[in-house]
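Colleague: The structure follows.
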Amino acid sequence: MNVVVVTTRAPTSQPLGDLSDTVRVRWMMPTGGVHSSAEVLVIAQPHGPVARAADRISRMLSRNAAARMLLRMSPLDPGARFWRAVRGDARVREFLCGVDLLVAGDRDANFTCWQLARRADLRAVSGYAAAKQEVP
């Protein structure tokens with residue numbers, strides 16, 4: 001079984017636990033650093049002055065509940081920004097060939113995972129607990 005974990009943050013440990021040898025886990029994230037033996041597709045995100053300003057505005061809006069609601073509906077939402085970066089990366093289609101399950105590893109990866117699953121007609125789950133139940 002081929003599993004791709006879509007996440008915006010590198011996990012500190014192996015969140016899926018010990019899996020059988022028949023399960024192959026690959027990662028898609030904006031930064032590397034899962035495990036040296038893991039197969040990781042690093043998605044390049046913009047780092048220009050507009051992206052830095054968007055990061056600052058996003059951090060500022062994350063400080064209270066009402067502002068977070070506005071942020072989630074705006075194009076500055078980290079999940080929407082990650083989706084735009086994934087959508088613009090030509091390597092993603094090849095990386096998803098033969099995948100049996102997509103896992104959204106965090107809240108900001110849910111939108112990207114849903115879009116990928118919908119466009120490629122793949123099964124997808126949100127969270128590592130749901131993934132553990134789906135993986136044999």
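Following the order of the structure tokens, first chain is A, next is B, and so on, with residues numbered from 1 inside each chain and ligands from 1 in the order they appear.
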Please list as a list in words every residue within 9 Å of Trp114 in chain A, counting only C-alpha atoms and excluding residues in the same chain fewer than 2 positions away.

Modeller: Leu102, Ala104, Ala109, Asn110, Phe111, Thr112, Leu116, Ala117, Arg118, Arg119, Ala124, Val125 and Ser126 of chain A

Colleague: Any chance you can output those residues with C-alpha atoms as a PDB file, in the first residue's frame?

Modeller:
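Output file part19.pdb is given in full below:
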ATOM      1  CA  LEU A 102      -3.672  10.481   1.028  1.00  0.00           C
ATOM      2  CA  ALA A 104      -3.762  15.264   5.696  1.00  0.00           C
ATOM      3  CA  ALA A 109      -2.946  20.488   4.749  1.00  0.00           C
ATOM      4  CA  ASN A 110      -6.654  19.502   4.758  1.00  0.00           C
ATOM      5  CA  PHE A 111      -7.573  21.748   1.826  1.00  0.00           C
ATOM      6  CA  THR A 112      -4.622  20.574  -0.273  1.00  0.00           C
ATOM      7  CA  LEU A 116      -5.637  16.382  -4.622  1.00  0.00           C
ATOM      8  CA  ALA A 117      -7.987  13.532  -3.718  1.00  0.00           C
ATOM      9  CA  ARG A 118     -10.839  15.097  -5.658  1.00  0.00           C
ATOM     10  CA  ARG A 119      -8.771  15.767  -8.784  1.00  0.00           C
ATOM     11  CA  ALA A 124      -8.095  10.593   1.603  1.00  0.00           C
ATOM     12  CA  VAL A 125      -8.325  10.891   5.381  1.00  0.00           C
ATOM     13  CA  SER A 126      -7.707  13.734   7.779  1.00  0.00           C
TER      14      SER A 126
END

Colleague: Would you kindly return, as a list in words, each protein, DNA or RNA residue with an atom no farther than 9 Å from any atom of range 46-57 of chain A, considering only C-alpha atoms and excluding same-chain residues fewer than 4 positions away?

Modeller: Leu61, Ser62, Leu76, Pro78 and Ala85 of chain A

Colleague: Give me the residues near Asp108 in chain A as a ChimeraX atom specification, where near means some atom within 8 Å (using only C-alpha atoms) and where sequence neighbours in that chain fewer than 4 positions away do not count.

Modeller: /A:7-8,78-80,82,112

Colleague: Which is closer to Arg123 in chain A than all the others in A:Val3, A:Ala44, A:Ala90, A:Leu70, using only C-alpha atoms?

Modeller: A:Val3

Colleague: Would you mind writing down, as a list of chain:residue names, each residue of range 10-119 of chain A that DSSP on the backbone assigns to strand (DSSP E or B)?

Modeller: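 DSSP on the backbone gives strand (DSSP E or B) at A:Arg24, A:Val25, A:Arg26, A:Trp27, A:Met28, A:Met29, A:Glu39, A:Val40, A:Leu41, A:Val42, A:Leu101, A:Leu102, A:Val103, A:Ala104.
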
Colleague: Could you please determine the separation between CA of Asp106 in chain A and CA of Val25 in chain A in Å, to one decimal place?

Modeller: 16.2 Å

Colleague: For the atom pair CA of Tyr128 in chain A and CA of Arg81 in chain A, what is the interatomic distance in Å to one decimal place?

Modeller: 22.3 Å

Colleague: Kindly give the distance, in Å, that separates CA of Pro11 in chain A and CA of Lys132 in chain A, rounded to a single decimal.

Modeller: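 A separation of 15.6 Å between them.
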
Colleague: Just checking: using only C-alpha atoms, which residue out of A:Met69, A:Val5, A:Ser74, A:Gly98 ends up closest to Cys113 in chain A?

Modeller: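 Ranking A:Met69, A:Val5, A:Ser74, A:Gly98 by distance to Cys113 in chain A, first place goes to A:Val5.
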
Colleague: Please extract the residues of chain A with a backbone DSSP assignment of alpha helix (DSSP H) and present them as a count of residues only.

Modeller: 54

Colleague: Closest to Gly127 in chain A among A:Leu16, A:Met1, A:Ala10, A:Val99, using only C-alpha atoms?

Modeller: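 Nearest to Gly127 in chain A: A:Leu16.
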
Colleague: Could you name the residues that touch Asn2 in chain A at 6 Å or less, counting only C-alpha atoms, but leaving out those on the same chain fewer than 2 positions away, as a list in words?

Modeller: Val23, Arg24, Val99 and Asp100 of chain A

Colleague: From the set A:Leu122, A:Ala131, A:Val92, A:Ala66, which residue has the shortest atom-to-atom contact distance to Ile43 in chain A, counting only C-alpha atoms?

Modeller: A:Val92

Colleague: Let me make sure I understand: among A:Leu96, A:Ala67, A:Val135, A:Ala120, which one has the smallest atom-to-atom distance to Asp18 in chain A if we use only C-alpha atoms?

Modeller: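 For Asp18 in chain A, the nearest of the candidates is A:Val135.
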